[in-house]
>>> print(open('entry_2.cif').read())   # mmCIF, C-alpha atoms
data_protein
loop_
_atom_site.label_atom_id
_atom_site.label_comp_id
_atom_site.auth_asym_id
_atom_site.auth_seq_id
_atom_site.Cartn_x
_atom_site.Cartn_y
_atom_site.Cartn_z
CA VAL V 1 -16.00 8.45 -5.52
CA GLY V 2 -17.06 6.86 -8.83
CA VAL V 3 -15.37 8.39 -11.87
CA LYS V 4 -15.74 7.33 -15.51
CA LEU V 5 -12.30 6.53 -16.91
CA GLU V 6 -11.16 5.75 -20.44
CA GLY V 7 -11.20 2.00 -20.96
CA GLY V 8 -13.37 1.52 -17.90
CA GLU V 9 -15.77 -0.67 -19.85
CA ARG V 10 -13.14 -3.44 -19.83
CA CYS V 11 -13.05 -3.73 -16.06
CA ALA V 12 -14.53 -2.06 -13.02
CA THR V 13 -12.54 1.02 -11.96
CA TYR V 14 -13.02 3.72 -9.36
CA ARG V 15 -11.06 6.30 -7.42
CA LEU V 16 -10.89 6.42 -3.66
CA VAL V 17 -9.47 9.12 -1.40
CA GLY V 18 -8.18 7.48 1.77
CA ASP V 19 -5.59 7.70 4.53
CA GLU V 20 -2.56 5.63 3.60
CA GLU V 21 -1.36 5.64 7.22
CA ALA V 22 -4.60 4.11 8.52
CA VAL V 23 -6.07 0.67 7.87
CA LEU V 24 -6.68 0.41 4.12
CA PRO V 25 -10.43 0.15 3.36
CA PHE V 26 -10.20 -3.22 1.59
CA PRO V 27 -10.73 -6.82 2.75
CA ASP V 28 -7.84 -9.25 3.03
CA GLY V 29 -6.61 -10.70 -0.26
CA THR V 30 -8.39 -8.22 -2.54
CA PHE V 31 -5.77 -7.36 -5.17
CA ASP V 32 -3.26 -9.09 -7.44
CA LEU V 33 -1.11 -5.95 -7.70
CA VAL V 34 -0.46 -2.88 -5.55
CA MET V 35 1.54 -0.02 -7.07
CA SER V 36 2.90 3.30 -5.84
CA SER V 37 4.70 5.93 -7.92
CA VAL V 38 6.99 8.33 -6.02
CA ALA V 39 4.61 8.87 -3.10
CA LEU V 40 5.89 6.68 -0.26
CA HIS V 41 8.38 9.29 0.96
CA TRP V 42 5.40 11.19 2.41
CA VAL V 43 4.35 8.25 4.60
CA ASN V 44 5.38 8.57 8.24
CA ASP V 45 4.84 4.91 9.18
CA LEU V 46 6.20 3.03 6.17
CA PRO V 47 6.47 -0.42 7.88
CA LYS V 48 2.76 -0.25 8.79
CA LEU V 49 1.78 0.67 5.23
CA LEU V 50 3.81 -2.23 3.81
CA LEU V 51 2.02 -4.59 6.20
CA GLU V 52 -1.31 -3.23 4.99
CA ALA V 53 -0.24 -3.66 1.36
CA LYS V 54 0.62 -7.30 2.09
CA ARG V 55 -2.73 -7.81 3.82
CA VAL V 56 -4.82 -6.61 0.84
CA LEU V 57 -2.78 -8.62 -1.68
CA LYS V 58 -3.74 -12.12 -2.73
CA PRO V 59 -1.21 -14.97 -2.34
CA ASP V 60 1.53 -14.54 -4.93
CA GLY V 61 0.43 -10.91 -5.29
CA CYS V 62 2.92 -8.23 -6.29
CA LEU V 63 3.87 -4.95 -4.63
CA LEU V 64 5.59 -2.64 -7.11
CA PHE V 65 6.77 0.85 -6.21
CA ALA V 66 9.18 3.66 -6.95
CA MET V 67 10.15 6.08 -4.21
CA VAL V 68 12.54 8.96 -3.59
CA GLY V 69 15.81 7.70 -2.09
CA GLY V 70 18.01 8.98 0.71
CA SER V 71 20.67 10.41 -1.62
CA THR V 72 18.27 12.98 -3.06
CA LEU V 73 19.29 16.67 -3.01
CA PRO V 74 22.63 16.12 -1.20
CA GLU V 75 24.00 19.31 -2.78
CA LEU V 76 21.16 21.46 -1.42
CA ARG V 77 21.35 19.79 1.98
CA SER V 78 25.07 20.38 2.43
CA SER V 79 24.84 23.95 1.13
CA LEU V 80 22.13 24.82 3.65
CA VAL V 81 24.06 23.15 6.49
CA LEU V 82 27.22 25.14 5.72
CA ALA V 83 25.26 28.37 5.33
CA GLU V 84 23.43 27.93 8.64
CA MET V 85 26.63 27.09 10.49
CA GLU V 86 28.22 30.23 9.12
CA ARG V 87 25.27 32.61 9.63
CA ASP V 88 23.35 31.15 12.57
CA GLY V 89 25.84 28.95 14.39
CA GLY V 90 23.72 25.79 14.08
CA VAL V 91 21.78 23.58 11.68
CA SER V 92 18.15 22.59 11.19
CA SER V 93 16.08 20.39 8.88
CA HIS V 94 15.30 21.84 5.43
CA VAL V 95 14.74 18.71 3.34
CA GLY V 96 12.35 15.95 4.36
CA PRO V 97 13.78 12.58 5.49
CA PHE V 98 14.04 9.83 2.87
CA VAL V 99 14.56 6.07 3.13
CA ASP V 100 18.06 4.81 2.37
CA PHE V 101 18.52 2.36 -0.47
CA SER V 102 20.09 -0.21 1.88
CA ASP V 103 16.97 -0.28 4.09
CA VAL V 104 14.34 -1.02 1.43
CA GLY V 105 15.07 -4.76 1.19
CA SER V 106 14.86 -5.25 4.95
CA LEU V 107 11.60 -3.26 5.08
CA LEU V 108 10.06 -5.61 2.51
CA THR V 109 11.23 -8.81 4.21
CA THR V 110 10.18 -7.56 7.66
CA ALA V 111 6.69 -6.90 6.27
CA GLY V 112 6.56 -10.51 5.06
CA PHE V 113 7.24 -10.09 1.34
CA THR V 114 9.30 -12.69 -0.48
CA LEU V 115 11.68 -12.54 -3.44
CA PRO V 116 12.41 -8.82 -2.96
CA THR V 117 14.15 -7.05 -5.82
CA VAL V 118 15.53 -3.54 -5.37
CA ASP V 119 17.17 -1.28 -7.94
CA ILE V 120 18.32 2.32 -7.93
CA ASP V 121 18.64 5.17 -10.39
CA THR V 122 20.41 8.48 -9.74
CA LEU V 123 19.56 11.42 -11.97
CA SER V 124 21.65 14.58 -12.28
CA LEU V 125 19.64 17.70 -13.10
CA GLY V 126 20.84 21.19 -13.99
CA PHE V 127 19.34 24.43 -12.68
CA PRO V 128 20.44 28.09 -13.02
CA HIS V 129 20.86 28.46 -9.24
CA ALA V 130 19.63 27.11 -5.89
CA PHE V 131 16.65 29.46 -5.70
CA VAL V 132 15.20 27.88 -8.84
CA VAL V 133 15.65 24.43 -7.25
CA MET V 134 13.75 25.53 -4.13
CA GLU V 135 11.04 27.18 -6.23
CA HIS V 136 10.51 23.98 -8.21
CA LEU V 137 10.26 21.95 -5.01
CA GLN V 138 7.70 24.38 -3.59
CA ARG V 139 5.57 24.40 -6.74
CA MET V 140 5.65 20.58 -6.85
CA GLY V 141 4.36 20.44 -3.28
CA GLU V 142 7.63 18.85 -2.17
CA GLY V 143 8.64 21.43 0.41
CA ASN V 144 9.93 20.65 3.87
CA ALA V 145 7.08 19.25 5.99
CA SER V 146 9.18 18.23 9.00
CA LEU V 147 7.60 19.12 12.34
CA ASN V 148 10.96 20.24 13.74
CA ARG V 149 11.74 22.67 10.91
CA ARG V 150 12.56 26.27 11.71
CA LYS V 151 9.64 28.68 11.43
CA ARG V 152 11.76 31.32 9.77
CA VAL V 153 15.10 31.33 7.97
CA GLY V 154 16.83 34.62 7.18
CA VAL V 155 17.34 35.82 3.62
CA GLU V 156 21.09 36.03 4.28
CA THR V 157 21.17 32.30 5.05
CA PHE V 158 19.45 31.43 1.77
CA LEU V 159 21.74 33.77 -0.17
CA SER V 160 24.76 32.16 1.46
CA ALA V 161 23.44 28.67 0.65
CA ALA V 162 22.89 29.66 -2.99
CA CYS V 163 26.45 30.99 -3.25
CA ILE V 164 27.90 27.85 -1.64
CA HIS V 165 25.84 25.66 -3.98
CA GLN V 166 27.04 27.68 -6.98
CA GLU V 167 30.67 27.36 -5.92
CA MET V 168 30.78 23.73 -4.84
CA TYR V 169 28.41 22.05 -7.29
CA ARG V 170 28.86 23.63 -10.69
CA GLY V 171 27.21 21.71 -13.49
CA GLU V 172 27.98 21.44 -17.17
CA SER V 173 26.55 24.52 -18.86
CA ASP V 174 24.92 24.50 -22.28
CA PRO V 175 27.47 25.90 -24.79
CA GLU V 176 24.68 27.85 -26.49
CA GLU V 177 23.73 29.60 -23.24
CA GLU V 178 25.93 32.00 -21.32
CA GLU V 179 24.32 31.23 -17.94
CA GLU V 180 26.14 28.89 -15.59
CA CYS V 181 24.21 26.04 -13.98
CA ILE V 182 24.39 24.01 -10.80
CA GLU V 183 24.08 20.25 -10.36
CA THR V 184 21.26 18.71 -8.36
CA SER V 185 20.92 14.96 -7.77
CA LEU V 186 17.71 12.93 -7.53
CA GLN V 187 17.71 9.30 -6.42
CA ILE V 188 14.83 6.96 -7.28
CA ILE V 189 14.52 3.51 -5.67
CA TYR V 190 12.56 0.81 -7.49
CA ALA V 191 11.37 -2.27 -5.61
CA ILE V 192 9.26 -5.38 -6.10
CA GLY V 193 8.02 -7.78 -3.43
CA TRP V 194 5.69 -10.79 -3.55
CA THR V 195 3.30 -12.21 -1.02
CA PRO V 196 4.20 -15.82 -0.11
CA HIS V 197 2.83 -18.69 -2.20
CA GLU V 198 3.71 -22.38 -2.50
CA SER V 199 4.54 -21.99 -6.20
CA GLN V 200 7.46 -19.67 -5.49
CA PRO V 201 11.06 -20.94 -5.34
CA GLN V 202 11.95 -22.12 -1.84
CA PRO V 203 15.41 -22.36 -0.25
CA SER V 204 16.75 -25.83 0.42
CA ALA V 205 16.83 -27.07 3.99
CA ARG V 206 19.81 -25.94 6.03
CA GLY V 207 22.64 -28.48 5.82
CA SER V 208 21.25 -30.25 2.74
CA GLY V 209 24.09 -29.13 0.44
CA LYS V 210 26.21 -31.91 -1.09
CA ALA V 211 28.99 -29.87 -2.70
CA LYS V 212 31.54 -27.57 -1.14
CA LEU V 213 31.84 -24.02 -2.45
CA GLY V 214 35.59 -24.44 -2.94
CA GLU V 215 35.11 -27.34 -5.35
CA GLY V 216 33.68 -25.03 -7.99
CA MET V 217 36.36 -22.35 -7.68
CA VAL V 218 39.25 -21.87 -10.14
CA THR V 219 42.47 -21.49 -8.20
CA SER V 220 44.96 -21.27 -11.06
CA THR V 221 45.11 -20.90 -14.84
CA THR V 222 47.66 -21.92 -17.43
CA LYS V 223 48.47 -20.42 -20.84
CA GLU V 224 47.95 -22.62 -23.85
#
>>> encode(input="entry_2.cif", output="structure tokens")
Amino acid sequence: VGVKLEGGERCATYRLVGDEEAVLPFPDGTFDLVMSSVALHWVNDLPKLLLEAKRVLKPDGCLLFAMVGGSTLPELRSSLVLAEMERDGGVSSHVGPFVDFSDVGSLLTTAGFTLPTVDIDTLSLGFPHAFVVMEHLQRMGEGNASLNRRKRVGVETFLSAACIHQEMYRGESDPEEEEECIETSLQIIYAIGWTPHESQPQPSARGSGKAKLGEGMVTSTTKE
């Protein structure tokens, strides 16, 4: 769908609504840069999407993205698990699955990207109680979309989870406010990958080294 955007006179721009889990509607080698901002955690087949991103990038093209990491909402997860074990005698999925930080590099290299760079940032947020956390997630459209989620969870289970969260994960309250707060963690993974090109640094051939690693190591020191 063509949409007039500010600054559009400098280059051709348009918006397209498509299915990120299908074949991307672009020819091979179309773009110099592909970006994604905190959306990849909704993709079911992430390896396939990364392959498609590599396909539509030109040689020496860049994939740049930020995504929600696996250590997001650990406090809410554990509180719900303990509450369900206490009230219902079992556990179920309440928070969508996220990719672990340690897997992002291998996902990029498996898809054929070179020179991968991965970084991580963990944010600690304060909320009055767990119900406010869940309300924010719902209003953001970040609720649990797992197919195996329970159709109904009792109010007692949610109340128990909120109490457990309040007891186990107290945050630092604002001195000017009398209300206590709870701590909630959010992990963001940042990653860059490049499509192969002859201009990029290449590893030396195996066995071509001329110096031993131990020759450059300091084994002892003396005081002057």
>>> closest_residue(input="entry_2.cif", among="V:Val56, V:Gly193, V:Ser124, V:Lys210", to="Ser106 in chain V", atoms="all atoms listed in the file")
V:Gly193
>>> resolve_selection(input="entry_2.cif", expression="the PyMOL selection byres ((chain V and resi 22) around 10)", output="number ranges by chain")
V: 18-21, 23-25, 45, 48-49, 52
>>> atom_distance(input="entry_2.cif", atom1="CA of Thr109 in chain V", atom2="CA of His41 in chain V")
18.6 Å
>>> atom_distance(input="entry_2.cif", atom1="CA of Leu108 in chain V", atom2="CA of Pro47 in chain V")
8.3 Å
>>> residues_around(input="entry_2.cif", residues="range 69-77 of chain V", least_positions_apart="4", cutoff="6 Å", atoms="all atoms listed in the file", output="list in words")
Phe98, Val99, Asp100, Ser185, Leu186, Gln187, Ile188 and Ile189 of chain V
>>> resolve_selection(input="entry_2.cif", expression="the PyMOL selection byres ((chain V and resi 153-161) around 12)", output="PyMOL selection string")
chain V and resi 75-94+129-134+149-152+162-169
>>> write_last_selection(input="entry_2.cif", atoms="C-alpha atoms", output="short mmCIF file (atom, residue, chain, number, x, y, z; two decimals), keeping the file's coordinate frame")
data_model
loop_
_atom_site.label_atom_id
_atom_site.label_comp_id
_atom_site.auth_asym_id
_atom_site.auth_seq_id
_atom_site.Cartn_x
_atom_site.Cartn_y
_atom_site.Cartn_z
CA GLU V 75 24.00 19.31 -2.78
CA LEU V 76 21.16 21.46 -1.42
CA ARG V 77 21.35 19.79 1.98
CA SER V 78 25.07 20.38 2.43
CA SER V 79 24.84 23.95 1.13
CA LEU V 80 22.13 24.82 3.65
CA VAL V 81 24.06 23.15 6.49
CA LEU V 82 27.22 25.14 5.72
CA ALA V 83 25.26 28.37 5.33
CA GLU V 84 23.43 27.93 8.64
CA MET V 85 26.63 27.09 10.49
CA GLU V 86 28.22 30.23 9.12
CA ARG V 87 25.27 32.61 9.63
CA ASP V 88 23.35 31.15 12.57
CA GLY V 89 25.84 28.95 14.39
CA GLY V 90 23.72 25.79 14.08
CA VAL V 91 21.78 23.58 11.68
CA SER V 92 18.15 22.59 11.19
CA SER V 93 16.08 20.39 8.88
CA HIS V 94 15.30 21.84 5.43
CA HIS V 129 20.86 28.46 -9.24
CA ALA V 130 19.63 27.11 -5.89
CA PHE V 131 16.65 29.46 -5.70
CA VAL V 132 15.20 27.88 -8.84
CA VAL V 133 15.65 24.43 -7.25
CA MET V 134 13.75 25.53 -4.13
CA ARG V 149 11.74 22.67 10.91
CA ARG V 150 12.56 26.27 11.71
CA LYS V 151 9.64 28.68 11.43
CA ARG V 152 11.76 31.32 9.77
CA ALA V 162 22.89 29.66 -2.99
CA CYS V 163 26.45 30.99 -3.25
CA ILE V 164 27.90 27.85 -1.64
CA HIS V 165 25.84 25.66 -3.98
CA GLN V 166 27.04 27.68 -6.98
CA GLU V 167 30.67 27.36 -5.92
CA MET V 168 30.78 23.73 -4.84
CA TYR V 169 28.41 22.05 -7.29
#
